[in-house]
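Quick look at upload-v5.cif (mmCIF, C-alpha atoms):
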```cif
data_upload
#
loop_
_atom_site.group_PDB
_atom_site.id
_atom_site.type_symbol
_atom_site.label_atom_id
_atom_site.label_comp_id
_atom_site.auth_asym_id
_atom_site.auth_seq_id
_atom_site.Cartn_x
_atom_site.Cartn_y
_atom_site.Cartn_z
ATOM 1 C CA MET A 1 95.140 115.641 94.088
ATOM 2 C CA VAL A 2 97.298 117.513 96.608
ATOM 3 C CA GLY A 3 95.537 115.954 99.586
ATOM 4 C CA THR A 4 95.790 112.409 98.246
ATOM 5 C CA PHE A 5 99.441 112.994 97.415
ATOM 6 C CA VAL A 6 100.138 113.960 101.017
ATOM 7 C CA LEU A 7 98.165 111.021 102.434
ATOM 8 C CA THR A 8 99.873 108.472 100.186
ATOM 9 C CA PHE A 9 103.366 109.883 100.488
ATOM 10 C CA LEU A 10 103.360 110.358 104.249
ATOM 11 C CA GLY A 11 101.344 107.237 105.078
ATOM 12 C CA CYS A 12 103.121 104.829 102.743
ATOM 13 C CA GLY A 13 106.405 106.606 103.334
ATOM 14 C CA THR A 14 106.103 105.921 107.045
ATOM 15 C CA ALA A 15 105.211 102.284 106.357
ATOM 16 C CA VAL A 16 108.367 101.950 104.261
ATOM 17 C CA ALA A 17 110.630 103.796 106.675
ATOM 18 C CA LEU A 18 109.435 101.817 109.690
ATOM 19 C CA GLY A 19 109.287 98.476 107.902
ATOM 20 C CA CYS A 20 105.606 98.164 108.746
ATOM 21 C CA GLY A 21 104.607 94.700 109.915
ATOM 22 C CA SER A 22 107.992 93.738 111.275
ATOM 23 C CA ASP A 23 106.964 94.586 114.852
ATOM 24 C CA THR A 24 104.158 96.161 116.844
ATOM 25 C CA ALA A 25 105.800 99.564 117.000
ATOM 26 C CA SER A 26 105.993 99.805 113.206
ATOM 27 C CA ILE A 27 102.316 98.940 112.874
ATOM 28 C CA VAL A 28 101.280 101.528 115.446
ATOM 29 C CA GLY A 29 103.556 104.136 113.900
ATOM 30 C CA THR A 30 102.140 103.545 110.431
ATOM 31 C CA ALA A 31 98.561 103.699 111.692
ATOM 32 C CA ILE A 32 99.247 107.002 113.427
ATOM 33 C CA ALA A 33 100.925 108.403 110.316
ATOM 34 C CA PHE A 34 97.902 107.738 108.100
ATOM 35 C CA GLY A 35 95.560 109.219 110.699
ATOM 36 C CA LEU A 36 97.649 112.345 111.228
ATOM 37 C CA ALA A 37 97.962 112.851 107.473
ATOM 38 C CA VAL A 38 94.174 112.904 107.214
ATOM 39 C CA VAL A 39 93.846 115.320 110.134
ATOM 40 C CA ALA A 40 96.434 117.642 108.599
ATOM 41 C CA MET A 41 94.752 117.649 105.207
ATOM 42 C CA ALA A 42 91.260 117.971 106.658
ATOM 43 C CA TYR A 43 92.200 121.295 108.198
ATOM 44 C CA THR A 44 94.308 122.328 105.193
ATOM 45 C CA ILE A 45 92.037 121.649 102.224
ATOM 46 C CA GLY A 46 88.741 120.771 103.902
ATOM 47 C CA GLY A 47 87.357 124.214 103.137
ATOM 48 C CA ILE A 48 88.358 123.889 99.486
ATOM 49 C CA SER A 49 87.208 120.409 98.508
ATOM 50 C CA GLY A 50 85.889 118.716 101.631
ATOM 51 C CA CYS A 51 89.143 116.721 101.752
ATOM 52 C CA HIS A 52 87.777 113.451 100.427
ATOM 53 C CA ILE A 53 91.244 112.222 99.298
ATOM 54 C CA ASN A 54 89.660 108.789 98.906
ATOM 55 C CA PRO A 55 87.412 107.492 96.081
ATOM 56 C CA ALA A 56 85.419 105.390 98.577
ATOM 57 C CA ILE A 57 84.526 108.524 100.540
ATOM 58 C CA THR A 58 83.667 110.326 97.314
ATOM 59 C CA LEU A 59 81.364 107.466 96.317
ATOM 60 C CA GLY A 60 79.700 107.557 99.733
ATOM 61 C CA CYS A 61 79.137 111.307 99.398
ATOM 62 C CA PHE A 62 77.733 110.871 95.894
ATOM 63 C CA LEU A 63 75.303 108.152 96.958
ATOM 64 C CA SER A 64 74.279 110.325 99.905
ATOM 65 C CA GLY A 65 73.434 113.184 97.548
ATOM 66 C CA ARG A 66 76.201 115.505 98.737
ATOM 67 C CA ILE A 67 77.969 115.845 95.365
ATOM 68 C CA ASP A 68 76.894 115.382 91.757
ATOM 69 C CA ALA A 69 78.148 112.785 89.277
ATOM 70 C CA LYS A 70 80.524 115.175 87.503
ATOM 71 C CA ASP A 71 82.285 116.188 90.712
ATOM 72 C CA CYS A 72 82.337 112.556 91.839
ATOM 73 C CA GLY A 73 84.149 111.472 88.683
ATOM 74 C CA MET A 74 86.618 114.355 88.715
ATOM 75 C CA TYR A 75 87.426 113.880 92.397
ATOM 76 C CA MET A 76 88.241 110.219 91.792
ATOM 77 C CA VAL A 77 90.434 110.933 88.769
ATOM 78 C CA PHE A 78 92.561 113.470 90.591
ATOM 79 C CA GLN A 79 92.747 111.386 93.742
ATOM 80 C CA VAL A 80 94.300 108.595 91.697
ATOM 81 C CA ILE A 81 96.664 111.040 89.992
ATOM 82 C CA GLY A 82 97.779 112.368 93.376
ATOM 83 C CA ALA A 83 98.423 108.862 94.679
ATOM 84 C CA ILE A 84 100.415 107.870 91.586
ATOM 85 C CA LEU A 85 102.568 110.992 91.856
ATOM 86 C CA ALA A 86 103.190 110.296 95.535
ATOM 87 C CA ALA A 87 104.125 106.687 94.832
ATOM 88 C CA ALA A 88 106.492 107.815 92.078
ATOM 89 C CA VAL A 89 108.300 110.189 94.416
ATOM 90 C CA LEU A 90 108.409 107.557 97.154
ATOM 91 C CA ALA A 91 109.716 104.919 94.728
ATOM 92 C CA GLY A 92 112.476 107.293 93.691
ATOM 93 C CA ILE A 93 113.481 107.860 97.304
ATOM 94 C CA VAL A 94 113.288 104.168 98.186
ATOM 95 C CA ALA A 95 115.508 103.315 95.207
ATOM 96 C CA THR A 96 118.404 105.062 96.960
ATOM 97 C CA ASP A 97 118.345 102.442 99.742
ATOM 98 C CA PRO A 98 118.664 98.822 98.537
ATOM 99 C CA SER A 99 117.490 97.459 101.890
ATOM 100 C CA LEU A 100 114.170 99.277 101.529
ATOM 101 C CA VAL A 101 113.725 98.094 97.952
ATOM 102 C CA ILE A 102 114.104 94.489 99.048
ATOM 103 C CA THR A 103 112.084 94.516 102.240
ATOM 104 C CA THR A 104 109.326 97.084 102.001
ATOM 105 C CA ALA A 105 109.159 98.493 98.459
ATOM 106 C CA THR A 106 106.507 101.243 98.277
ATOM 107 C CA GLY A 107 104.019 100.370 101.016
ATOM 108 C CA ALA A 108 101.578 98.674 98.647
ATOM 109 C CA ASN A 109 98.676 96.530 99.844
ATOM 110 C CA ALA A 110 98.458 92.726 99.654
ATOM 111 C CA CYS A 111 96.143 90.075 101.089
ATOM 112 C CA SER A 112 98.045 88.155 103.778
ATOM 113 C CA TYR A 113 95.344 85.499 104.160
ATOM 114 C CA GLY A 114 93.856 85.231 100.691
ATOM 115 C CA VAL A 115 91.714 87.491 98.540
ATOM 116 C CA THR A 116 88.400 86.475 100.153
ATOM 117 C CA ASN A 117 89.659 87.421 103.588
ATOM 118 C CA GLY A 118 91.147 90.616 102.202
ATOM 119 C CA LEU A 119 87.942 91.576 100.428
ATOM 120 C CA ILE A 120 85.855 91.098 103.570
ATOM 121 C CA VAL A 121 88.309 93.078 105.684
ATOM 122 C CA GLU A 122 88.382 95.971 103.213
ATOM 123 C CA ILE A 123 84.582 96.072 102.856
ATOM 124 C CA VAL A 124 83.953 96.115 106.618
ATOM 125 C CA LEU A 125 86.707 98.578 107.507
ATOM 126 C CA THR A 126 85.827 100.957 104.663
ATOM 127 C CA ALA A 127 82.150 100.897 105.607
ATOM 128 C CA LEU A 128 83.014 101.851 109.180
ATOM 129 C CA PHE A 129 85.439 104.556 108.078
ATOM 130 C CA VAL A 130 83.124 106.169 105.517
ATOM 131 C CA LEU A 131 80.258 106.026 108.021
ATOM 132 C CA VAL A 132 82.353 108.131 110.393
ATOM 133 C CA VAL A 133 83.038 110.581 107.566
ATOM 134 C CA LEU A 134 79.380 110.885 106.585
ATOM 135 C CA GLY A 135 78.227 111.291 110.178
ATOM 136 C CA SER A 136 80.876 113.706 111.384
ATOM 137 C CA THR A 137 80.485 115.969 108.348
ATOM 138 C CA ALA A 138 76.674 115.966 108.232
ATOM 139 C CA LYS A 139 75.225 119.479 108.014
ATOM 140 C CA ASP A 140 72.933 118.911 110.992
ATOM 141 C CA ASN A 141 75.837 117.718 113.118
ATOM 142 C CA GLU A 142 76.783 121.226 114.215
ATOM 143 C CA ALA A 143 77.720 120.183 117.736
ATOM 144 C CA THR A 144 80.742 118.197 116.576
ATOM 145 C CA GLY A 145 81.211 119.406 113.011
ATOM 146 C CA ASN A 146 84.252 121.524 113.866
ATOM 147 C CA PHE A 147 86.005 118.400 115.080
ATOM 148 C CA ALA A 148 85.179 116.289 112.033
ATOM 149 C CA GLY A 149 88.769 116.223 110.805
ATOM 150 C CA LEU A 150 89.991 114.966 114.152
ATOM 151 C CA ALA A 151 87.283 112.301 114.382
ATOM 152 C CA ILE A 152 88.037 111.067 110.871
ATOM 153 C CA GLY A 153 91.780 110.969 111.437
ATOM 154 C CA LEU A 154 91.487 109.132 114.745
ATOM 155 C CA SER A 155 89.083 106.612 113.234
ATOM 156 C CA LEU A 156 91.563 105.955 110.427
ATOM 157 C CA ILE A 157 94.208 105.145 113.028
ATOM 158 C CA LEU A 158 91.871 102.557 114.545
ATOM 159 C CA ILE A 159 91.043 101.165 111.107
ATOM 160 C CA HIS A 160 94.731 100.685 110.367
ATOM 161 C CA LEU A 161 95.422 99.055 113.712
ATOM 162 C CA VAL A 162 92.857 96.398 112.816
ATOM 163 C CA GLY A 163 93.600 96.018 109.119
ATOM 164 C CA ILE A 164 97.372 96.234 108.690
ATOM 165 C CA HIS A 165 97.846 92.618 109.785
ATOM 166 C CA PHE A 166 95.408 91.347 107.144
ATOM 167 C CA THR A 167 95.769 93.629 104.119
ATOM 168 C CA GLY A 168 98.144 96.437 104.992
ATOM 169 C CA THR A 169 94.926 98.472 105.213
ATOM 170 C CA SER A 170 93.730 100.326 102.166
ATOM 171 C CA VAL A 171 90.100 101.482 102.584
ATOM 172 C CA ASN A 172 91.139 103.792 99.739
ATOM 173 C CA PRO A 173 91.427 102.664 96.085
ATOM 174 C CA ALA A 174 93.662 105.596 95.091
ATOM 175 C CA ARG A 175 96.109 104.963 97.930
ATOM 176 C CA SER A 176 96.405 101.347 96.686
ATOM 177 C CA ILE A 177 96.625 102.049 92.961
ATOM 178 C CA GLY A 178 99.619 104.374 93.176
ATOM 179 C CA PRO A 179 102.021 102.112 95.112
ATOM 180 C CA ALA A 180 100.854 98.929 93.325
ATOM 181 C CA LEU A 181 101.825 100.345 89.941
ATOM 182 C CA PHE A 182 105.418 100.724 91.122
ATOM 183 C CA GLN A 183 105.706 97.640 93.311
ATOM 184 C CA GLY A 184 104.035 95.163 90.943
ATOM 185 C CA GLY A 185 103.909 91.480 91.857
ATOM 186 C CA GLN A 186 101.270 90.449 94.395
ATOM 187 C CA ALA A 187 100.281 94.067 95.041
ATOM 188 C CA LEU A 188 99.323 94.547 91.395
ATOM 189 C CA SER A 189 97.683 91.141 90.908
ATOM 190 C CA GLU A 190 95.490 91.687 93.974
ATOM 191 C CA LEU A 191 94.825 95.373 93.304
ATOM 192 C CA TRP A 192 91.219 94.630 92.336
ATOM 193 C CA VAL A 193 90.523 93.683 95.969
ATOM 194 C CA PHE A 194 91.559 97.147 97.103
ATOM 195 C CA ILE A 195 89.348 98.801 94.524
ATOM 196 C CA VAL A 196 86.236 96.635 94.729
ATOM 197 C CA GLY A 197 86.317 96.203 98.520
ATOM 198 C CA PRO A 198 86.484 99.903 99.431
ATOM 199 C CA PHE A 199 83.864 100.830 96.833
ATOM 200 C CA ILE A 200 81.445 98.239 98.233
ATOM 201 C CA GLY A 201 82.230 99.458 101.742
ATOM 202 C CA GLY A 202 81.671 103.082 100.768
ATOM 203 C CA ALA A 203 78.319 102.246 99.183
ATOM 204 C CA LEU A 204 77.320 100.212 102.229
ATOM 205 C CA ALA A 205 78.157 103.149 104.503
ATOM 206 C CA ALA A 206 75.921 105.426 102.431
ATOM 207 C CA VAL A 207 73.039 102.977 102.828
ATOM 208 C CA ILE A 208 73.581 102.701 106.580
ATOM 209 C CA TRP A 209 73.747 106.471 106.943
ATOM 210 C CA LYS A 210 70.483 106.903 105.047
ATOM 211 C CA VAL A 211 68.857 104.556 107.557
ATOM 212 C CA ILE A 212 70.286 106.005 110.769
ATOM 213 C CA GLY A 213 70.918 109.635 109.761
ATOM 214 C CA LYS A 214 68.400 112.363 110.469
#
```

Could you express the structure from this file as structure tokens?
Amino acid sequence: MVGTFVLTFLGCGTAVALGCGSDTASIVGTAIAFGLAVVAMAYTIGGISGCHINPAITLGCFLSGRIDAKDCGMYMVFQVIGAILAAAVLAGIVATDPSLVITTATGANACSYGVTNGLIVEIVLTALFVLVVLGSTAKDNEATGNFAGLAIGLSLILIHLVGIHFTGTSVNPARSIGPALFQGGQALSELWVFIVGPFIGGALAAVIWKVIGK
């Protein structure tokens, strides 16, 4: 819950503050913010929970046999709670600046080129992201395991650089649910894309890892 709160608040907060999508600098800044948030949390709570902070990652770990069904369900519940709390705090802050309310709201996701395009983008990007997570945190990957948090964070930056133009980049159902509940409109009507897409991508990553992993 704490980790997902930090990811959602700092990532979406940066998107709001920079007016993400208005220019290249705002896109790059937002991508970096999400990546750095993951790196920070990986080294803060990684030893406590593994720092999933993303239901798609949790699903990938479950399908890979790394966690049981009970933990999988509880992780997802508290990830969503953390994201909702973060979005609530962010919405409260944004409400103090009318220009932010009008132009950027709470950093929610939306499909810029239709739901089919958005679904494909979220499936592919989530599969790539979760694959990095599964590989870099594998028990037999001792050579690079200590740098897993860095690898995951940097990969999330790349994922955002590709996806922001198309969907705002979710690859994380919890991160999408929280802001959508407060922003409403298109973000809420298309929320299913940012739940279904990442879950399919996470499952696909687990299948790929079973094939290529040792």

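Neighbours of Leu119 (chain A) closer than or equal to 12 Å, with only C-alpha atoms counted and sequence neighbours fewer than 6 positions away skipped, come out as Asn109, Ala110, Cys111, Ser112, Tyr113, Leu125, Thr126, Gly163, Phe166, Thr167, Thr169, Ser170, Val171, Glu190, Leu191, Trp192, Val193, Phe194, Ile195, Val196, Gly197, Pro198, Phe199, Ile200 and Gly201 of chain A.
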
Using the chain letters and numbers from the file, give me the residues hit by the PyMOL selection byres ((chain A and resi 44-61) around 6), as a CSV table (one decimal) with C-alpha atoms, keeping the file's coordinate frame.
```csv
chain,number,residue,atom,x,y,z
A,3,GLY,CA,95.5,116.0,99.6
A,4,THR,CA,95.8,112.4,98.2
A,41,MET,CA,94.8,117.6,105.2
A,42,ALA,CA,91.3,118.0,106.7
A,43,TYR,CA,92.2,121.3,108.2
A,62,PHE,CA,77.7,110.9,95.9
A,63,LEU,CA,75.3,108.2,97.0
A,64,SER,CA,74.3,110.3,99.9
A,66,ARG,CA,76.2,115.5,98.7
A,76,MET,CA,88.2,110.2,91.8
A,79,GLN,CA,92.7,111.4,93.7
A,130,VAL,CA,83.1,106.2,105.5
A,172,ASN,CA,91.1,103.8,99.7
A,198,PRO,CA,86.5,99.9,99.4
A,199,PHE,CA,83.9,100.8,96.8
A,202,GLY,CA,81.7,103.1,100.8
A,203,ALA,CA,78.3,102.2,99.2
A,206,ALA,CA,75.9,105.4,102.4
```

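Here the question is which of A:Val38, A:Gly118, A:Met1, A:Ala95 gets nearest to Ala148 (chain A) using only C-alpha atoms, and that residue is A:Val38.
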
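Comparing A:Val2, A:Val94, A:Val132, A:Val121 by their smallest distance to Phe147 (chain A), the closest is A:Val132 (using all atoms listed in the file).
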
Tell me which residues the PyMOL selection byres ((chain A and resi 18-20) around 12) grabs here, as a PDB file with C-alpha atoms, in the frame of the given file.
```pdb
ATOM      1  CA  LEU A  10     103.360 110.358 104.249  1.00  0.00           C
ATOM      2  CA  GLY A  11     101.344 107.237 105.078  1.00  0.00           C
ATOM      3  CA  CYS A  12     103.121 104.829 102.743  1.00  0.00           C
ATOM      4  CA  GLY A  13     106.405 106.606 103.334  1.00  0.00           C
ATOM      5  CA  THR A  14     106.103 105.921 107.045  1.00  0.00           C
ATOM      6  CA  ALA A  15     105.211 102.284 106.357  1.00  0.00           C
ATOM      7  CA  VAL A  16     108.367 101.950 104.261  1.00  0.00           C
ATOM      8  CA  ALA A  17     110.630 103.796 106.675  1.00  0.00           C
ATOM      9  CA  GLY A  21     104.607  94.700 109.915  1.00  0.00           C
ATOM     10  CA  SER A  22     107.992  93.738 111.275  1.00  0.00           C
ATOM     11  CA  ASP A  23     106.964  94.586 114.852  1.00  0.00           C
ATOM     12  CA  THR A  24     104.158  96.161 116.844  1.00  0.00           C
ATOM     13  CA  ALA A  25     105.800  99.564 117.000  1.00  0.00           C
ATOM     14  CA  SER A  26     105.993  99.805 113.206  1.00  0.00           C
ATOM     15  CA  ILE A  27     102.316  98.940 112.874  1.00  0.00           C
ATOM     16  CA  VAL A  28     101.280 101.528 115.446  1.00  0.00           C
ATOM     17  CA  GLY A  29     103.556 104.136 113.900  1.00  0.00           C
ATOM     18  CA  THR A  30     102.140 103.545 110.431  1.00  0.00           C
ATOM     19  CA  ALA A  31      98.561 103.699 111.692  1.00  0.00           C
ATOM     20  CA  ILE A  32      99.247 107.002 113.427  1.00  0.00           C
ATOM     21  CA  ALA A  33     100.925 108.403 110.316  1.00  0.00           C
ATOM     22  CA  VAL A  94     113.288 104.168  98.186  1.00  0.00           C
ATOM     23  CA  SER A  99     117.490  97.459 101.890  1.00  0.00           C
ATOM     24  CA  LEU A 100     114.170  99.277 101.529  1.00  0.00           C
ATOM     25  CA  VAL A 101     113.725  98.094  97.952  1.00  0.00           C
ATOM     26  CA  ILE A 102     114.104  94.489  99.048  1.00  0.00           C
ATOM     27  CA  THR A 103     112.084  94.516 102.240  1.00  0.00           C
ATOM     28  CA  THR A 104     109.326  97.084 102.001  1.00  0.00           C
ATOM     29  CA  ALA A 105     109.159  98.493  98.459  1.00  0.00           C
ATOM     30  CA  THR A 106     106.507 101.243  98.277  1.00  0.00           C
ATOM     31  CA  GLY A 107     104.019 100.370 101.016  1.00  0.00           C
ATOM     32  CA  ALA A 108     101.578  98.674  98.647  1.00  0.00           C
ATOM     33  CA  ASN A 109      98.676  96.530  99.844  1.00  0.00           C
ATOM     34  CA  HIS A 160      94.731 100.685 110.367  1.00  0.00           C
ATOM     35  CA  LEU A 161      95.422  99.055 113.712  1.00  0.00           C
ATOM     36  CA  ILE A 164      97.372  96.234 108.690  1.00  0.00           C
ATOM     37  CA  HIS A 165      97.846  92.618 109.785  1.00  0.00           C
ATOM     38  CA  THR A 167      95.769  93.629 104.119  1.00  0.00           C
ATOM     39  CA  GLY A 168      98.144  96.437 104.992  1.00  0.00           C
ATOM     40  CA  THR A 169      94.926  98.472 105.213  1.00  0.00           C
TER      41      THR A 169
END
```

Exercise for review: Identify all residues satisfying the PyMOL selection byres ((chain A and resi 84) around 12) in the given file; provide them as JSON, numbers by chain.
Suggested key: {"A": [1, 2, 4, 5, 6, 7, 8, 9, 12, 77, 78, 79, 80, 81, 82, 83, 85, 86, 87, 88, 89, 90, 91, 106, 108, 173, 174, 175, 176, 177, 178, 179, 180, 181, 182, 183]}

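Going from CA of Val162 (chain A) to CA of Phe34 (chain A) covers 13.3 Å.
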
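As for CA of Phe129 (chain A) and CA of Ile67 (chain A), they are spaced 18.6 Å apart.
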